[in-house]
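> What follows is a structure written as structure tokens; I'll ask about it next.
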Amino acid sequence: MSVKDAVALRFQNLLKERNMNLNALAYSAGVTSSTAYSMMDPRRRDVSIVTIKKFCDGLDISLGEFFSSPEFDKLEQEIK
């Protein structure tokens, strides 16, 4: 799994836990729906740390809480 895939999976899981959809997350984060969908689209995965931070703010969690999850613990080392 790539880092970008892990980010998308983490947000999917958080949305499911909160019974929330992607449009609601985009609204609460102050970003356009197209920004949210481009990050979640497996063909695009336009991920930036600024957008991740905005989404975390919209979910009322810290970046530390976001990245402290099994999705990121299982990632393989990028440098080989």
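Each chain of the structure tokens is named A, B, ... in the order shown, its residues numbered from 1; ligands are numbered from 1 in display order.
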Which polymer residues have any atom within 7 Å of an atom of stretch 63-72 of chain A, counting only C-alpha atoms, with same-chain residues fewer than 2 positions away left out, as a PyMOL selection string?
chain A and resi 6+10+53+56+61+74-75
> Hey, can you spit out that residue selection with all heavy atoms as a short mmCIF file (atom, residue, chain, number, x, y, z; two decimals), in the first residue's frame?

```cif
data_model
loop_
_atom_site.label_atom_id
_atom_site.label_comp_id
_atom_site.auth_asym_id
_atom_site.auth_seq_id
_atom_site.Cartn_x
_atom_site.Cartn_y
_atom_site.Cartn_z
N ALA A 6 -2.83 4.94 1.92
CA ALA A 6 -3.05 4.88 3.36
C ALA A 6 -3.79 6.12 3.86
O ALA A 6 -4.67 6.02 4.72
CB ALA A 6 -1.72 4.71 4.09
N ARG A 10 -7.41 5.96 5.58
CA ARG A 10 -7.60 6.52 6.92
C ARG A 10 -8.81 7.45 6.94
O ARG A 10 -9.65 7.39 7.84
CB ARG A 10 -6.34 7.24 7.37
CG ARG A 10 -6.44 7.93 8.72
CD ARG A 10 -6.49 6.96 9.86
NE ARG A 10 -6.30 7.67 11.11
CZ ARG A 10 -7.05 7.50 12.19
NH1 ARG A 10 -8.01 6.60 12.20
NH2 ARG A 10 -6.84 8.20 13.27
N LYS A 53 -4.22 18.44 6.73
CA LYS A 53 -4.40 19.26 7.94
C LYS A 53 -5.80 19.87 7.97
O LYS A 53 -6.47 19.87 9.01
CB LYS A 53 -3.33 20.34 8.01
CG LYS A 53 -3.50 21.35 9.12
CD LYS A 53 -3.30 20.75 10.50
CE LYS A 53 -3.21 21.83 11.56
NZ LYS A 53 -4.37 21.86 12.45
N CYS A 56 -8.23 17.20 8.84
CA CYS A 56 -8.12 16.88 10.27
C CYS A 56 -8.82 17.96 11.10
O CYS A 56 -9.53 17.64 12.06
CB CYS A 56 -6.66 16.75 10.68
SG CYS A 56 -5.87 15.25 10.09
N ILE A 61 -9.53 16.60 14.79
CA ILE A 61 -8.44 15.75 15.29
C ILE A 61 -7.12 16.38 14.90
O ILE A 61 -7.05 17.19 13.98
CB ILE A 61 -8.51 14.30 14.74
CG1 ILE A 61 -8.36 14.28 13.22
CG2 ILE A 61 -9.79 13.61 15.19
CD1 ILE A 61 -8.21 12.89 12.63
N LYS A 74 1.78 -0.04 9.10
CA LYS A 74 2.04 -1.20 8.24
C LYS A 74 2.76 -0.85 6.94
O LYS A 74 3.06 -1.74 6.15
CB LYS A 74 0.72 -1.88 7.89
CG LYS A 74 -0.01 -2.46 9.08
CD LYS A 74 -1.35 -3.02 8.67
CE LYS A 74 -2.14 -3.48 9.87
NZ LYS A 74 -3.48 -3.93 9.49
N LEU A 75 3.02 0.42 6.69
CA LEU A 75 3.65 0.82 5.43
C LEU A 75 5.08 0.30 5.34
O LEU A 75 5.82 0.32 6.33
CB LEU A 75 3.66 2.34 5.28
CG LEU A 75 2.30 3.00 5.08
CD1 LEU A 75 2.45 4.51 5.04
CD2 LEU A 75 1.64 2.51 3.81
#
```
> Write out as a list in words the residues lying within 10 Å of A:Asp57, counting only C-alpha atoms and excluding same-chain residues fewer than 4 positions away.
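These residues fall inside the cut-off: Leu25, Ser28, Ala29, Gly30, Thr51, Ile52, Lys53, Ile61, Ser62 and Leu63 of chain A.
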> Write to file, as an mmCIF file, in the first residue's frame, the residues of the selection just made, with C-alpha atoms.

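Now in result.cif:
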```cif
data_model
loop_
_atom_site.group_PDB
_atom_site.id
_atom_site.type_symbol
_atom_site.label_atom_id
_atom_site.label_comp_id
_atom_site.auth_asym_id
_atom_site.auth_seq_id
_atom_site.Cartn_x
_atom_site.Cartn_y
_atom_site.Cartn_z
ATOM 1 C CA LEU A 25 -15.913 16.568 5.275
ATOM 2 C CA SER A 28 -16.306 21.241 7.385
ATOM 3 C CA ALA A 29 -12.696 21.546 6.192
ATOM 4 C CA GLY A 30 -13.402 24.569 4.022
ATOM 5 C CA THR A 51 -5.224 19.400 2.673
ATOM 6 C CA ILE A 52 -4.705 16.605 5.201
ATOM 7 C CA LYS A 53 -4.405 19.255 7.945
ATOM 8 C CA ILE A 61 -8.445 15.749 15.290
ATOM 9 C CA SER A 62 -4.734 16.517 15.285
ATOM 10 C CA LEU A 63 -2.263 15.417 12.648
#
```
> Work out how far atom CA of A:Asp46 is from atom CA of A:Arg18, in Å to one decimal.
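So the answer is 23.3 Å.
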> Could you please determine the separation between atom CA of A:Ser33 and atom CA of A:Lys54 in Å, to one decimal place?
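Interatomic distance, atom CA of A:Ser33 to atom CA of A:Lys54: 12.9 Å.
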> I want to know what sits within 12 Å of A:Ser34, based on only C-alpha atoms, with residues of the same chain fewer than 4 positions away left out; could you give that as JSON, numbers by chain?
{"A": [22, 23, 25, 26, 27, 30, 38, 39, 40, 41, 44, 45, 46]}
> So, with only C-alpha atoms as the atoms that count, which of A:Asn19, A:Ser2, A:Gln77, A:Thr35 lies closest to A:Phe55?
A:Thr35
> So, with only C-alpha atoms as the atoms that count, which of A:Ile49, A:Leu59, A:Ala8, A:Met1 lies closest to A:Met20?
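Distance minimum relative to A:Met20 lands on A:Leu59.
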> Quick one: pull the distance between atom CA of A:Phe11 and atom CA of A:Ser48, Å, one decimal.
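Calculated distance between atom CA of A:Phe11 and atom CA of A:Ser48 is 13.5 Å.
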> Enumerate, as a compact mmCIF listing (two decimals) with all heavy atoms, in the first residue's frame, the complete set of residues in chain A that a backbone-based DSSP assignment places in helix (DSSP H, G or I).

```txt
# COMPACT_ATOMS: atom_id res chain seq x y z
N VAL A 3 1.67 5.40 0.52
CA VAL A 3 1.33 6.38 1.54
C VAL A 3 0.03 7.09 1.16
O VAL A 3 -0.85 7.30 2.01
CB VAL A 3 2.48 7.41 1.71
CG1 VAL A 3 2.08 8.52 2.64
CG2 VAL A 3 3.74 6.72 2.20
N LYS A 4 -0.12 7.44 -0.11
CA LYS A 4 -1.34 8.12 -0.56
C LYS A 4 -2.56 7.24 -0.37
O LYS A 4 -3.63 7.73 0.01
CB LYS A 4 -1.19 8.55 -2.01
CG LYS A 4 -0.18 9.66 -2.20
CD LYS A 4 -0.06 10.06 -3.66
CE LYS A 4 0.91 11.20 -3.82
NZ LYS A 4 0.91 11.71 -5.20
N ASP A 5 -2.42 5.94 -0.64
CA ASP A 5 -3.52 5.01 -0.41
C ASP A 5 -3.85 4.92 1.07
O ASP A 5 -5.03 4.83 1.46
CB ASP A 5 -3.20 3.63 -0.96
CG ASP A 5 -3.14 3.58 -2.48
OD1 ASP A 5 -3.77 4.45 -3.13
OD2 ASP A 5 -2.48 2.67 -3.01
N ALA A 6 -2.83 4.94 1.92
CA ALA A 6 -3.05 4.88 3.36
C ALA A 6 -3.79 6.12 3.86
O ALA A 6 -4.67 6.02 4.72
CB ALA A 6 -1.72 4.71 4.09
N VAL A 7 -3.45 7.28 3.31
CA VAL A 7 -4.14 8.52 3.68
C VAL A 7 -5.62 8.41 3.31
O VAL A 7 -6.50 8.71 4.12
CB VAL A 7 -3.48 9.75 3.01
CG1 VAL A 7 -4.37 10.98 3.12
CG2 VAL A 7 -2.11 10.02 3.60
N ALA A 8 -5.90 7.98 2.09
CA ALA A 8 -7.29 7.84 1.64
C ALA A 8 -8.03 6.83 2.50
O ALA A 8 -9.18 7.08 2.91
CB ALA A 8 -7.33 7.43 0.17
N LEU A 9 -7.42 5.71 2.80
CA LEU A 9 -8.05 4.69 3.63
C LEU A 9 -8.34 5.21 5.03
O LEU A 9 -9.41 4.97 5.59
CB LEU A 9 -7.16 3.44 3.70
CG LEU A 9 -7.69 2.28 4.53
CD1 LEU A 9 -9.03 1.77 3.99
CD2 LEU A 9 -6.67 1.15 4.57
N ARG A 10 -7.41 5.96 5.58
CA ARG A 10 -7.60 6.52 6.92
C ARG A 10 -8.81 7.45 6.94
O ARG A 10 -9.65 7.39 7.84
CB ARG A 10 -6.34 7.24 7.37
CG ARG A 10 -6.44 7.93 8.72
CD ARG A 10 -6.49 6.96 9.86
NE ARG A 10 -6.30 7.67 11.11
CZ ARG A 10 -7.05 7.50 12.19
NH1 ARG A 10 -8.01 6.60 12.20
NH2 ARG A 10 -6.84 8.20 13.27
N PHE A 11 -8.91 8.32 5.92
CA PHE A 11 -10.06 9.22 5.87
C PHE A 11 -11.35 8.44 5.65
O PHE A 11 -12.38 8.75 6.26
CB PHE A 11 -9.89 10.31 4.81
CG PHE A 11 -9.04 11.45 5.29
CD1 PHE A 11 -7.87 11.78 4.64
CD2 PHE A 11 -9.42 12.21 6.39
CE1 PHE A 11 -7.08 12.83 5.08
CE2 PHE A 11 -8.64 13.26 6.85
CZ PHE A 11 -7.46 13.57 6.18
N GLN A 12 -11.33 7.42 4.82
CA GLN A 12 -12.52 6.59 4.62
C GLN A 12 -12.98 5.98 5.94
O GLN A 12 -14.18 5.97 6.26
CB GLN A 12 -12.24 5.48 3.60
CG GLN A 12 -12.10 5.97 2.19
CD GLN A 12 -11.58 4.88 1.25
OE1 GLN A 12 -11.22 3.79 1.66
NE2 GLN A 12 -11.53 5.21 -0.04
N ASN A 13 -12.03 5.46 6.70
CA ASN A 13 -12.37 4.85 7.99
C ASN A 13 -12.92 5.88 8.98
O ASN A 13 -13.87 5.59 9.71
CB ASN A 13 -11.16 4.13 8.58
CG ASN A 13 -10.79 2.87 7.81
OD1 ASN A 13 -11.63 2.30 7.12
ND2 ASN A 13 -9.55 2.46 7.90
N LEU A 14 -12.31 7.06 9.01
CA LEU A 14 -12.80 8.11 9.91
C LEU A 14 -14.21 8.55 9.53
O LEU A 14 -15.06 8.77 10.40
CB LEU A 14 -11.84 9.31 9.90
CG LEU A 14 -10.52 9.10 10.62
CD1 LEU A 14 -9.54 10.22 10.26
CD2 LEU A 14 -10.72 9.04 12.13
N LEU A 15 -14.46 8.67 8.23
CA LEU A 15 -15.79 9.06 7.78
C LEU A 15 -16.83 8.01 8.15
O LEU A 15 -17.93 8.33 8.59
CB LEU A 15 -15.79 9.31 6.26
CG LEU A 15 -15.01 10.53 5.80
CD1 LEU A 15 -14.95 10.58 4.28
CD2 LEU A 15 -15.63 11.82 6.35
N LYS A 16 -16.45 6.74 7.99
CA LYS A 16 -17.36 5.65 8.33
C LYS A 16 -17.67 5.67 9.83
O LYS A 16 -18.82 5.54 10.24
CB LYS A 16 -16.76 4.31 7.94
CG LYS A 16 -17.70 3.14 8.09
CD LYS A 16 -17.06 1.81 7.75
CE LYS A 16 -16.73 1.75 6.28
NZ LYS A 16 -16.19 0.44 5.88
N GLU A 17 -16.62 5.86 10.66
CA GLU A 17 -16.80 5.91 12.12
C GLU A 17 -17.76 7.02 12.53
O GLU A 17 -18.52 6.88 13.49
CB GLU A 17 -15.46 6.16 12.81
CG GLU A 17 -14.52 5.00 12.86
CD GLU A 17 -13.16 5.40 13.42
OE1 GLU A 17 -13.02 6.50 14.03
OE2 GLU A 17 -12.20 4.61 13.24
N LEU A 22 -18.09 12.34 2.22
CA LEU A 22 -16.96 13.14 1.76
C LEU A 22 -17.34 14.60 1.54
O LEU A 22 -16.54 15.50 1.82
CB LEU A 22 -16.37 12.52 0.49
CG LEU A 22 -14.98 12.94 0.08
CD1 LEU A 22 -13.98 12.79 1.20
CD2 LEU A 22 -14.53 12.16 -1.14
N ASN A 23 -18.54 14.85 1.06
CA ASN A 23 -18.98 16.23 0.87
C ASN A 23 -19.07 16.98 2.20
O ASN A 23 -18.69 18.15 2.28
CB ASN A 23 -20.33 16.28 0.16
CG ASN A 23 -20.23 15.94 -1.31
OD1 ASN A 23 -19.22 16.22 -1.95
ND2 ASN A 23 -21.25 15.32 -1.84
N ALA A 24 -19.54 16.30 3.22
CA ALA A 24 -19.63 16.92 4.55
C ALA A 24 -18.23 17.23 5.08
O ALA A 24 -18.01 18.28 5.69
CB ALA A 24 -20.39 16.02 5.51
N LEU A 25 -17.29 16.32 4.85
CA LEU A 25 -15.91 16.57 5.28
C LEU A 25 -15.33 17.77 4.54
O LEU A 25 -14.71 18.64 5.16
CB LEU A 25 -15.04 15.33 5.04
CG LEU A 25 -13.55 15.51 5.34
CD1 LEU A 25 -13.33 15.90 6.79
CD2 LEU A 25 -12.79 14.24 4.99
N ALA A 26 -15.54 17.83 3.24
CA ALA A 26 -15.03 18.96 2.46
C ALA A 26 -15.60 20.27 3.00
O ALA A 26 -14.86 21.24 3.20
CB ALA A 26 -15.38 18.78 0.99
N TYR A 27 -16.89 20.29 3.27
CA TYR A 27 -17.54 21.49 3.78
C TYR A 27 -16.94 21.89 5.14
O TYR A 27 -16.60 23.04 5.35
CB TYR A 27 -19.05 21.27 3.91
CG TYR A 27 -19.78 22.47 4.44
CD1 TYR A 27 -20.10 23.54 3.62
CD2 TYR A 27 -20.15 22.52 5.79
CE1 TYR A 27 -20.75 24.65 4.12
CE2 TYR A 27 -20.82 23.62 6.29
CZ TYR A 27 -21.12 24.68 5.46
OH TYR A 27 -21.76 25.78 5.97
N SER A 28 -16.82 20.93 6.04
CA SER A 28 -16.31 21.24 7.39
C SER A 28 -14.84 21.64 7.36
O SER A 28 -14.38 22.37 8.24
CB SER A 28 -16.52 20.06 8.34
OG SER A 28 -15.70 18.97 7.97
N ALA A 29 -14.12 21.20 6.32
CA ALA A 29 -12.70 21.55 6.19
C ALA A 29 -12.47 22.83 5.40
O ALA A 29 -11.35 23.32 5.32
CB ALA A 29 -11.95 20.40 5.51
N SER A 33 -15.47 20.26 -2.84
CA SER A 33 -15.72 18.82 -2.97
C SER A 33 -14.76 18.20 -3.97
O SER A 33 -14.31 17.06 -3.78
CB SER A 33 -17.16 18.56 -3.41
OG SER A 33 -18.05 18.94 -2.41
N SER A 34 -14.42 18.93 -5.02
CA SER A 34 -13.50 18.38 -6.02
C SER A 34 -12.12 18.12 -5.43
O SER A 34 -11.46 17.16 -5.81
CB SER A 34 -13.40 19.29 -7.25
OG SER A 34 -12.85 20.54 -6.91
N THR A 35 -11.70 18.94 -4.48
CA THR A 35 -10.42 18.69 -3.80
C THR A 35 -10.50 17.38 -3.02
O THR A 35 -9.58 16.57 -3.06
CB THR A 35 -10.09 19.85 -2.84
OG1 THR A 35 -9.92 21.05 -3.60
CG2 THR A 35 -8.82 19.57 -2.05
N ALA A 36 -11.59 17.19 -2.33
CA ALA A 36 -11.77 15.96 -1.54
C ALA A 36 -11.81 14.74 -2.45
O ALA A 36 -11.14 13.73 -2.19
CB ALA A 36 -13.04 16.04 -0.72
N TYR A 37 -12.58 14.83 -3.52
CA TYR A 37 -12.70 13.69 -4.42
C TYR A 37 -11.39 13.39 -5.15
O TYR A 37 -11.07 12.23 -5.41
CB TYR A 37 -13.86 13.89 -5.40
CG TYR A 37 -15.18 13.61 -4.75
CD1 TYR A 37 -15.97 14.66 -4.26
CD2 TYR A 37 -15.65 12.32 -4.57
CE1 TYR A 37 -17.18 14.41 -3.63
CE2 TYR A 37 -16.85 12.06 -3.96
CZ TYR A 37 -17.62 13.11 -3.49
OH TYR A 37 -18.81 12.85 -2.87
N SER A 38 -10.61 14.42 -5.47
CA SER A 38 -9.34 14.16 -6.16
C SER A 38 -8.35 13.45 -5.25
O SER A 38 -7.50 12.69 -5.71
CB SER A 38 -8.74 15.45 -6.72
OG SER A 38 -8.27 16.29 -5.69
N MET A 39 -8.47 13.66 -3.94
CA MET A 39 -7.59 12.96 -3.01
C MET A 39 -8.03 11.51 -2.84
O MET A 39 -7.19 10.62 -2.69
CB MET A 39 -7.59 13.65 -1.64
CG MET A 39 -6.61 13.00 -0.68
SD MET A 39 -6.50 13.83 0.89
CE MET A 39 -8.01 13.30 1.66
N MET A 40 -9.31 11.26 -2.92
CA MET A 40 -9.81 9.92 -2.70
C MET A 40 -9.82 9.06 -3.96
O MET A 40 -9.88 7.84 -3.89
CB MET A 40 -11.23 9.99 -2.12
CG MET A 40 -11.31 10.77 -0.82
SD MET A 40 -10.22 10.14 0.46
CE MET A 40 -11.22 8.84 1.09
N ILE A 49 -0.06 17.80 2.39
CA ILE A 49 -0.13 17.87 3.86
C ILE A 49 -1.06 19.00 4.30
O ILE A 49 -1.75 18.88 5.32
CB ILE A 49 1.28 17.99 4.49
CG1 ILE A 49 1.23 17.76 6.00
CG2 ILE A 49 1.92 19.32 4.15
CD1 ILE A 49 0.83 16.38 6.41
N VAL A 50 -1.16 20.06 3.51
CA VAL A 50 -2.06 21.16 3.85
C VAL A 50 -3.52 20.68 3.80
O VAL A 50 -4.31 20.97 4.71
CB VAL A 50 -1.83 22.37 2.92
CG1 VAL A 50 -2.88 23.44 3.15
CG2 VAL A 50 -0.43 22.93 3.10
N THR A 51 -3.86 19.93 2.77
CA THR A 51 -5.22 19.40 2.67
C THR A 51 -5.50 18.40 3.79
O THR A 51 -6.59 18.41 4.39
CB THR A 51 -5.46 18.74 1.30
OG1 THR A 51 -5.19 19.69 0.28
CG2 THR A 51 -6.89 18.26 1.16
N ILE A 52 -4.54 17.55 4.09
CA ILE A 52 -4.71 16.60 5.20
C ILE A 52 -4.97 17.37 6.49
O ILE A 52 -5.87 17.02 7.26
CB ILE A 52 -3.47 15.69 5.35
CG1 ILE A 52 -3.35 14.77 4.14
CG2 ILE A 52 -3.54 14.89 6.65
CD1 ILE A 52 -2.04 14.00 4.07
N LYS A 53 -4.22 18.44 6.73
CA LYS A 53 -4.40 19.26 7.94
C LYS A 53 -5.80 19.87 7.97
O LYS A 53 -6.47 19.87 9.01
CB LYS A 53 -3.33 20.34 8.01
CG LYS A 53 -3.50 21.35 9.12
CD LYS A 53 -3.30 20.75 10.50
CE LYS A 53 -3.21 21.83 11.56
NZ LYS A 53 -4.37 21.86 12.45
N LYS A 54 -6.26 20.39 6.84
CA LYS A 54 -7.60 20.97 6.79
C LYS A 54 -8.66 19.92 7.08
O LYS A 54 -9.62 20.18 7.81
CB LYS A 54 -7.86 21.61 5.43
CG LYS A 54 -7.09 22.90 5.22
CD LYS A 54 -7.37 23.49 3.85
CE LYS A 54 -6.60 24.78 3.65
NZ LYS A 54 -6.88 25.37 2.32
N PHE A 55 -8.50 18.73 6.52
CA PHE A 55 -9.46 17.66 6.79
C PHE A 55 -9.41 17.26 8.27
O PHE A 55 -10.45 17.00 8.86
CB PHE A 55 -9.19 16.45 5.91
CG PHE A 55 -9.62 16.61 4.47
CD1 PHE A 55 -9.24 15.69 3.54
CD2 PHE A 55 -10.40 17.67 4.06
CE1 PHE A 55 -9.64 15.81 2.21
CE2 PHE A 55 -10.81 17.81 2.75
CZ PHE A 55 -10.43 16.88 1.82
N CYS A 56 -8.23 17.20 8.84
CA CYS A 56 -8.12 16.88 10.27
C CYS A 56 -8.82 17.96 11.10
O CYS A 56 -9.53 17.64 12.06
CB CYS A 56 -6.66 16.75 10.68
SG CYS A 56 -5.87 15.25 10.09
N ASP A 57 -8.64 19.23 10.71
CA ASP A 57 -9.33 20.31 11.42
C ASP A 57 -10.84 20.12 11.31
O ASP A 57 -11.57 20.31 12.29
CB ASP A 57 -8.94 21.67 10.84
CG ASP A 57 -7.49 22.06 11.13
OD1 ASP A 57 -6.84 21.40 11.98
OD2 ASP A 57 -7.00 22.99 10.48
N GLY A 58 -11.32 19.75 10.12
CA GLY A 58 -12.74 19.52 9.92
C GLY A 58 -13.28 18.37 10.74
O GLY A 58 -14.45 18.34 11.10
N LEU A 59 -12.43 17.40 11.04
CA LEU A 59 -12.81 16.26 11.87
C LEU A 59 -12.50 16.48 13.34
O LEU A 59 -12.76 15.62 14.18
CB LEU A 59 -12.09 14.99 11.38
CG LEU A 59 -12.50 14.47 10.01
CD1 LEU A 59 -11.52 13.40 9.53
CD2 LEU A 59 -13.92 13.92 10.05
N LEU A 63 -3.04 16.21 13.61
CA LEU A 63 -2.26 15.42 12.65
C LEU A 63 -1.68 14.19 13.33
O LEU A 63 -1.61 13.12 12.73
CB LEU A 63 -1.14 16.26 12.03
CG LEU A 63 -1.56 17.26 10.97
CD1 LEU A 63 -0.39 18.16 10.60
CD2 LEU A 63 -2.09 16.56 9.74
N GLY A 64 -1.27 14.33 14.58
CA GLY A 64 -0.73 13.19 15.33
C GLY A 64 -1.75 12.08 15.46
O GLY A 64 -1.43 10.90 15.28
N GLU A 65 -2.98 12.45 15.78
CA GLU A 65 -4.05 11.45 15.89
C GLU A 65 -4.31 10.79 14.53
O GLU A 65 -4.55 9.59 14.46
CB GLU A 65 -5.34 12.09 16.39
CG GLU A 65 -5.30 12.51 17.84
CD GLU A 65 -6.53 13.31 18.21
OE1 GLU A 65 -6.68 14.45 17.71
OE2 GLU A 65 -7.34 12.79 19.01
N PHE A 66 -4.27 11.59 13.48
CA PHE A 66 -4.53 11.07 12.14
C PHE A 66 -3.49 10.02 11.77
O PHE A 66 -3.82 8.93 11.32
CB PHE A 66 -4.54 12.20 11.11
CG PHE A 66 -4.76 11.71 9.71
CD1 PHE A 66 -6.02 11.33 9.29
CD2 PHE A 66 -3.71 11.58 8.83
CE1 PHE A 66 -6.24 10.85 8.00
CE2 PHE A 66 -3.90 11.12 7.54
CZ PHE A 66 -5.17 10.74 7.13
N PHE A 67 -2.22 10.37 11.95
CA PHE A 67 -1.15 9.47 11.51
C PHE A 67 -0.85 8.34 12.49
O PHE A 67 -0.14 7.41 12.16
CB PHE A 67 0.12 10.26 11.21
CG PHE A 67 0.04 11.02 9.92
CD1 PHE A 67 -0.02 12.40 9.90
CD2 PHE A 67 0.02 10.35 8.70
CE1 PHE A 67 -0.10 13.10 8.70
CE2 PHE A 67 -0.06 11.04 7.50
CZ PHE A 67 -0.12 12.42 7.50
N PRO A 70 -3.07 2.14 12.47
CA PRO A 70 -2.49 0.95 11.83
C PRO A 70 -2.21 1.12 10.34
O PRO A 70 -1.29 0.51 9.82
CB PRO A 70 -3.53 -0.14 12.07
CG PRO A 70 -4.34 0.32 13.22
CD PRO A 70 -4.31 1.82 13.18
N GLU A 71 -3.01 1.96 9.66
CA GLU A 71 -2.78 2.16 8.23
C GLU A 71 -1.35 2.63 7.95
O GLU A 71 -0.75 2.24 6.95
CB GLU A 71 -3.76 3.21 7.64
CG GLU A 71 -5.19 2.76 7.60
CD GLU A 71 -5.97 3.12 8.86
OE1 GLU A 71 -5.36 3.51 9.86
OE2 GLU A 71 -7.20 3.00 8.82
N PHE A 72 -0.81 3.44 8.83
CA PHE A 72 0.53 3.98 8.62
C PHE A 72 1.61 3.11 9.25
O PHE A 72 2.74 3.11 8.78
CB PHE A 72 0.60 5.42 9.14
CG PHE A 72 -0.37 6.31 8.42
CD1 PHE A 72 -1.55 6.70 9.01
CD2 PHE A 72 -0.12 6.72 7.11
CE1 PHE A 72 -2.46 7.49 8.35
CE2 PHE A 72 -1.02 7.50 6.43
CZ PHE A 72 -2.20 7.89 7.04
N ASP A 73 1.25 2.38 10.28
CA ASP A 73 2.22 1.49 10.93
C ASP A 73 2.64 0.35 10.03
O ASP A 73 3.75 -0.17 10.15
CB ASP A 73 1.65 0.92 12.24
CG ASP A 73 1.43 2.00 13.29
OD1 ASP A 73 2.07 3.07 13.20
OD2 ASP A 73 0.61 1.77 14.19
```
